[in-house]
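To keep things clear, I will list the structure first and then write my remarks on it.
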Amino acid sequence: MSEAAAVGAIPASQAARRERILDAAMDLAAEGGWDSVQMREVAERAEVALGTLYRYFPSKVHLLVSLLGRTFTDLHDSVQVDRASGTPQERVYRVVAVMTRYLARHRRLSGAMVRALMTAEADAARDVEAVGDLLVGFIASATHEPGEAHDERDTLVAHIIGKVWLTDVVTLLSGRMTVSQVLEDLESTISLVMSG
């Protein structure tokens, strides 16, 4: 079951509590990055007991990876890709550019979420896979009509683009690349991978 489906299956009061927890973590990460996201502080800001927080998110990594998933979903929902406008490569580039610019504008938050993704251990594998699926879907959706299924090649192409993008985002967040360099690299990658 996907994270979105699992969240949709819980009662509204629990879903609202989960969102408050994610909002609190987002605020703390935006203020001070990874180190500012302390589980006790998240619980206080979300107005939930610490034990309740741990029932929803067993660790800080689980919490921040879930927040990244929600961020990807929100970005995906906010991007309107006109499938009649431009080539599939141009549409994929526009989608990835939106994600890149958002993460660059919110560096502390992005750094915390990406660090959680990169350091997640086996117990968070399901959450990491859910984020990966969202990223692949986010990229692949730019090449298809809504509701149109992605084939195996589309998924492979989206995985490759997503992996290059994630590597570039890590480099961007560490200050070793600029947004322009990331976008230039991604434009070349998208062109190379999608041209066949």
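The chains in the structure tokens are called A, B, ... from first to last as shown; in each chain the residues are counted from 1, and the ligands are counted from 1 in the order shown.
Non-sequential neighbours of Arg115 (chain A) (distance at most 12 Å, separation of 6 or more positions within a chain, only C-alpha atoms) are Ala29, Gly33, Trp34, Asp35, Lys60, Val61, His62, Leu63, Leu64, Val65, Leu68, Arg107, Arg108, Leu109, Glu121, Val128, Leu166, Thr167, Val169, Val170, Thr171, Leu173 and Ser174 of chain A.
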Inset, instruction - Write out as a PyMOL selection string all residues of chain A that backbone DSSP assigns to alpha helix (DSSP H). - result: chain A and resi 3-8+12-32+39-46+50-56+60-78+88-105+107-119+125-140+152-173+179-194
Legend entry - Using only C-alpha atoms: which of A:Ala104, A:Ile10, A:Leu67, A:Val96 has the shortest distance to Gly175 (chain A):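 Answer, going by the shortest atom-to-atom distance: A:Ala104.
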Legend entry - Atomic distance CA of Ala24 (chain A) - CA of Arg45 (chain A), expressed in Å with one decimal: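 According to the coordinates, CA of Ala24 (chain A) and CA of Arg45 (chain A) are separated by 5.6 Å.
With only C-alpha atoms as the atoms that count, the minimum distance from Gly86 (chain A) to the choices A:Asp154, A:Glu187, A:Thr143, A:Asp133 is reached by A:Thr143.
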Inset, instruction - Pick out the residues sitting within 10 Å of His159 (chain A), and hand them over as a PyMOL selection string; count only C-alpha atoms, and ignore anything fewer than 5 positions along from it in its own chain. - result: chain A and resi 132-133+135-137+139-140+153-154+164-165
Would you write out those residues with N, CA, C and O atoms, as a PDB file, in the first residue's frame?
ATOM      1  N   GLY A 132      10.694   7.387  -3.535  1.00  0.00           N
ATOM      2  CA  GLY A 132      11.227   7.067  -4.861  1.00  0.00           C
ATOM      3  C   GLY A 132      10.128   6.885  -5.883  1.00  0.00           C
ATOM      4  O   GLY A 132      10.226   7.374  -7.012  1.00  0.00           O
ATOM      5  N   ASP A 133       9.057   6.197  -5.489  1.00  0.00           N
ATOM      6  CA  ASP A 133       7.918   6.006  -6.395  1.00  0.00           C
ATOM      7  C   ASP A 133       7.275   7.339  -6.759  1.00  0.00           C
ATOM      8  O   ASP A 133       6.874   7.555  -7.906  1.00  0.00           O
ATOM      9  N   LEU A 135       8.803  10.267  -6.833  1.00  0.00           N
ATOM     10  CA  LEU A 135       9.728  10.965  -7.723  1.00  0.00           C
ATOM     11  C   LEU A 135       9.633  10.414  -9.138  1.00  0.00           C
ATOM     12  O   LEU A 135       9.536  11.176 -10.104  1.00  0.00           O
ATOM     13  N   VAL A 136       9.631   9.090  -9.263  1.00  0.00           N
ATOM     14  CA  VAL A 136       9.511   8.473 -10.589  1.00  0.00           C
ATOM     15  C   VAL A 136       8.188   8.866 -11.234  1.00  0.00           C
ATOM     16  O   VAL A 136       8.136   9.240 -12.406  1.00  0.00           O
ATOM     17  N   GLY A 137       7.106   8.810 -10.477  1.00  0.00           N
ATOM     18  CA  GLY A 137       5.804   9.202 -11.008  1.00  0.00           C
ATOM     19  C   GLY A 137       5.756  10.663 -11.404  1.00  0.00           C
ATOM     20  O   GLY A 137       5.155  11.037 -12.416  1.00  0.00           O
ATOM     21  N   ILE A 139       8.234  12.518 -12.445  1.00  0.00           N
ATOM     22  CA  ILE A 139       8.975  12.690 -13.700  1.00  0.00           C
ATOM     23  C   ILE A 139       8.223  12.059 -14.875  1.00  0.00           C
ATOM     24  O   ILE A 139       8.028  12.674 -15.914  1.00  0.00           O
ATOM     25  N   ALA A 140       7.778  10.810 -14.691  1.00  0.00           N
ATOM     26  CA  ALA A 140       7.120  10.098 -15.790  1.00  0.00           C
ATOM     27  C   ALA A 140       5.796  10.735 -16.185  1.00  0.00           C
ATOM     28  O   ALA A 140       5.406  10.681 -17.351  1.00  0.00           O
ATOM     29  N   ARG A 153       9.878   0.997 -19.848  1.00  0.00           N
ATOM     30  CA  ARG A 153      10.920   1.928 -20.304  1.00  0.00           C
ATOM     31  C   ARG A 153      10.741   3.303 -19.657  1.00  0.00           C
ATOM     32  O   ARG A 153      11.707   3.918 -19.222  1.00  0.00           O
ATOM     33  N   ASP A 154       9.481   3.788 -19.581  1.00  0.00           N
ATOM     34  CA  ASP A 154       9.215   5.083 -18.938  1.00  0.00           C
ATOM     35  C   ASP A 154       9.717   5.084 -17.492  1.00  0.00           C
ATOM     36  O   ASP A 154      10.322   6.049 -17.036  1.00  0.00           O
ATOM     37  N   VAL A 164      20.103  10.879 -11.158  1.00  0.00           N
ATOM     38  CA  VAL A 164      21.018  11.977 -11.500  1.00  0.00           C
ATOM     39  C   VAL A 164      20.580  13.239 -10.770  1.00  0.00           C
ATOM     40  O   VAL A 164      21.403  13.962 -10.192  1.00  0.00           O
ATOM     41  N   TRP A 165      19.271  13.497 -10.759  1.00  0.00           N
ATOM     42  CA  TRP A 165      18.743  14.683 -10.084  1.00  0.00           C
ATOM     43  C   TRP A 165      19.085  14.657  -8.602  1.00  0.00           C
ATOM     44  O   TRP A 165      19.559  15.654  -8.056  1.00  0.00           O
TER      45      TRP A 165
END
Exercise: Leu183 (chain A) partners within 10 Å, only C-alpha atoms, chain neighbours under 6 positions left out, as an mmCIF file with N, CA, C and O atoms, in the first residue's frame:
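Below is the file that was written, selection-v7.cif:
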data_model
loop_
_atom_site.group_PDB
_atom_site.id
_atom_site.type_symbol
_atom_site.label_atom_id
_atom_site.label_comp_id
_atom_site.auth_asym_id
_atom_site.auth_seq_id
_atom_site.Cartn_x
_atom_site.Cartn_y
_atom_site.Cartn_z
ATOM 1 N N TYR A 93 11.837 18.345 -18.200
ATOM 2 C CA TYR A 93 12.757 19.378 -17.707
ATOM 3 C C TYR A 93 12.013 20.405 -16.860
ATOM 4 O O TYR A 93 12.475 20.781 -15.779
ATOM 5 N N ARG A 94 10.848 20.868 -17.335
ATOM 6 C CA ARG A 94 10.078 21.873 -16.577
ATOM 7 C C ARG A 94 9.684 21.334 -15.202
ATOM 8 O O ARG A 94 9.751 22.046 -14.205
ATOM 9 N N VAL A 96 11.182 18.875 -13.419
ATOM 10 C CA VAL A 96 12.365 18.730 -12.568
ATOM 11 C C VAL A 96 12.889 20.101 -12.144
ATOM 12 O O VAL A 96 13.348 20.283 -11.016
ATOM 13 N N ALA A 97 12.780 21.083 -13.002
ATOM 14 C CA ALA A 97 13.223 22.435 -12.664
ATOM 15 C C ALA A 97 12.401 23.012 -11.512
ATOM 16 O O ALA A 97 12.952 23.687 -10.633
ATOM 17 N N THR A 100 13.730 21.418 -8.368
ATOM 18 C CA THR A 100 15.070 21.923 -8.054
ATOM 19 C C THR A 100 14.999 23.322 -7.462
ATOM 20 O O THR A 100 15.647 23.605 -6.443
ATOM 21 N N ARG A 101 14.234 24.181 -8.079
ATOM 22 C CA ARG A 101 14.142 25.571 -7.590
ATOM 23 C C ARG A 101 13.508 25.624 -6.199
ATOM 24 O O ARG A 101 13.928 26.421 -5.351
ATOM 25 N N TRP A 165 19.271 13.497 -10.759
ATOM 26 C CA TRP A 165 18.743 14.683 -10.084
ATOM 27 C C TRP A 165 19.085 14.657 -8.602
ATOM 28 O O TRP A 165 19.559 15.654 -8.056
ATOM 29 N N ASP A 168 22.678 15.451 -8.019
ATOM 30 C CA ASP A 168 22.918 16.881 -8.227
ATOM 31 C C ASP A 168 22.353 17.723 -7.093
ATOM 32 O O ASP A 168 22.950 18.722 -6.692
ATOM 33 N N THR A 189 21.105 15.382 -19.309
ATOM 34 C CA THR A 189 20.726 14.016 -18.936
ATOM 35 C C THR A 189 19.391 13.628 -19.550
ATOM 36 O O THR A 189 19.250 12.542 -20.116
#
Legend entry - Shell around Arg40 (chain A) at 9 Å using only C-alpha atoms, local window under 2 positions removed, as a PyMOL selection string: chain A and resi 37-38+42-45+49-50+53
Could you please take those selected residues and save all heavy atoms as an mmCIF file, in the first residue's frame?
data_model
loop_
_atom_site.group_PDB
_atom_site.id
_atom_site.type_symbol
_atom_site.label_atom_id
_atom_site.label_comp_id
_atom_site.auth_asym_id
_atom_site.auth_seq_id
_atom_site.Cartn_x
_atom_site.Cartn_y
_atom_site.Cartn_z
ATOM 1 N N VAL A 37 15.417 19.659 14.124
ATOM 2 C CA VAL A 37 14.284 18.731 14.177
ATOM 3 C C VAL A 37 14.550 17.723 15.299
ATOM 4 O O VAL A 37 15.182 16.689 15.088
ATOM 5 C CB VAL A 37 14.052 18.020 12.828
ATOM 6 C CG1 VAL A 37 12.841 17.089 12.912
ATOM 7 C CG2 VAL A 37 13.861 19.040 11.717
ATOM 8 N N GLN A 38 14.110 18.072 16.493
ATOM 9 C CA GLN A 38 14.201 17.203 17.664
ATOM 10 C C GLN A 38 12.798 16.680 17.949
ATOM 11 O O GLN A 38 11.834 17.449 17.957
ATOM 12 C CB GLN A 38 14.752 17.970 18.865
ATOM 13 C CG GLN A 38 16.147 18.551 18.633
ATOM 14 C CD GLN A 38 17.173 17.479 18.335
ATOM 15 O OE1 GLN A 38 17.195 16.416 18.961
ATOM 16 N NE2 GLN A 38 18.031 17.730 17.338
ATOM 17 N N VAL A 42 9.236 18.672 18.092
ATOM 18 C CA VAL A 42 8.187 18.424 17.095
ATOM 19 C C VAL A 42 6.875 18.118 17.803
ATOM 20 O O VAL A 42 5.821 18.668 17.455
ATOM 21 C CB VAL A 42 8.571 17.265 16.144
ATOM 22 C CG1 VAL A 42 7.398 16.880 15.252
ATOM 23 C CG2 VAL A 42 9.785 17.640 15.293
ATOM 24 N N ALA A 43 6.925 17.256 18.805
ATOM 25 C CA ALA A 43 5.710 16.891 19.550
ATOM 26 C C ALA A 43 5.088 18.115 20.205
ATOM 27 O O ALA A 43 3.861 18.308 20.141
ATOM 28 C CB ALA A 43 6.035 15.824 20.594
ATOM 29 N N GLU A 44 5.917 18.944 20.813
ATOM 30 C CA GLU A 44 5.390 20.157 21.469
ATOM 31 C C GLU A 44 4.728 21.087 20.459
ATOM 32 O O GLU A 44 3.627 21.585 20.688
ATOM 33 C CB GLU A 44 6.517 20.878 22.216
ATOM 34 C CG GLU A 44 6.960 20.157 23.465
ATOM 35 C CD GLU A 44 8.174 20.804 24.121
ATOM 36 O OE1 GLU A 44 8.545 21.952 23.760
ATOM 37 O OE2 GLU A 44 8.764 20.149 25.019
ATOM 38 N N ARG A 45 5.387 21.322 19.343
ATOM 39 C CA ARG A 45 4.819 22.216 18.323
ATOM 40 C C ARG A 45 3.539 21.664 17.713
ATOM 41 O O ARG A 45 2.637 22.416 17.354
ATOM 42 C CB ARG A 45 5.819 22.482 17.209
ATOM 43 C CG ARG A 45 6.875 23.455 17.613
ATOM 44 C CD ARG A 45 7.355 24.233 16.431
ATOM 45 N NE ARG A 45 8.479 25.053 16.835
ATOM 46 C CZ ARG A 45 9.059 25.924 16.049
ATOM 47 N NH1 ARG A 45 8.634 26.086 14.808
ATOM 48 N NH2 ARG A 45 10.067 26.640 16.478
ATOM 49 N N ALA A 49 1.437 14.173 22.286
ATOM 50 C CA ALA A 49 2.346 13.533 23.227
ATOM 51 C C ALA A 49 3.520 12.932 22.455
ATOM 52 O O ALA A 49 3.375 12.537 21.289
ATOM 53 C CB ALA A 49 1.604 12.443 23.999
ATOM 54 N N LEU A 50 4.661 12.874 23.104
ATOM 55 C CA LEU A 50 5.850 12.317 22.460
ATOM 56 C C LEU A 50 5.606 10.869 22.019
ATOM 57 O O LEU A 50 6.002 10.466 20.925
ATOM 58 C CB LEU A 50 7.054 12.406 23.402
ATOM 59 C CG LEU A 50 8.410 12.017 22.826
ATOM 60 C CD1 LEU A 50 8.771 12.876 21.617
ATOM 61 C CD2 LEU A 50 9.490 12.143 23.908
ATOM 62 N N LEU A 53 3.715 10.851 18.769
ATOM 63 C CA LEU A 53 4.606 11.156 17.650
ATOM 64 C C LEU A 53 5.355 9.904 17.205
ATOM 65 O O LEU A 53 5.424 9.595 16.015
ATOM 66 C CB LEU A 53 5.596 12.254 18.044
ATOM 67 C CG LEU A 53 6.756 12.529 17.083
ATOM 68 C CD1 LEU A 53 6.246 12.931 15.700
ATOM 69 C CD2 LEU A 53 7.661 13.600 17.643
#
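CA of Val114 (chain A) is positioned 20.2 Å from CA of Arg18 (chain A).
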Legend entry - Minimum-distance residue to Asp123 (chain A), chosen among A:Pro58, A:Pro88, A:Gly162, A:Gly111 (using only C-alpha atoms):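 Nearest to Asp123 (chain A): A:Pro58.
The space separating CA of Ser188 (chain A) from CA of Ile161 (chain A) comes to 10.3 Å.
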Legend entry - Shell around Tyr102 (chain A) at 10 Å using only C-alpha atoms, local window under 6 positions removed, as a PyMOL selection string: chain A and resi 71+75+96+110
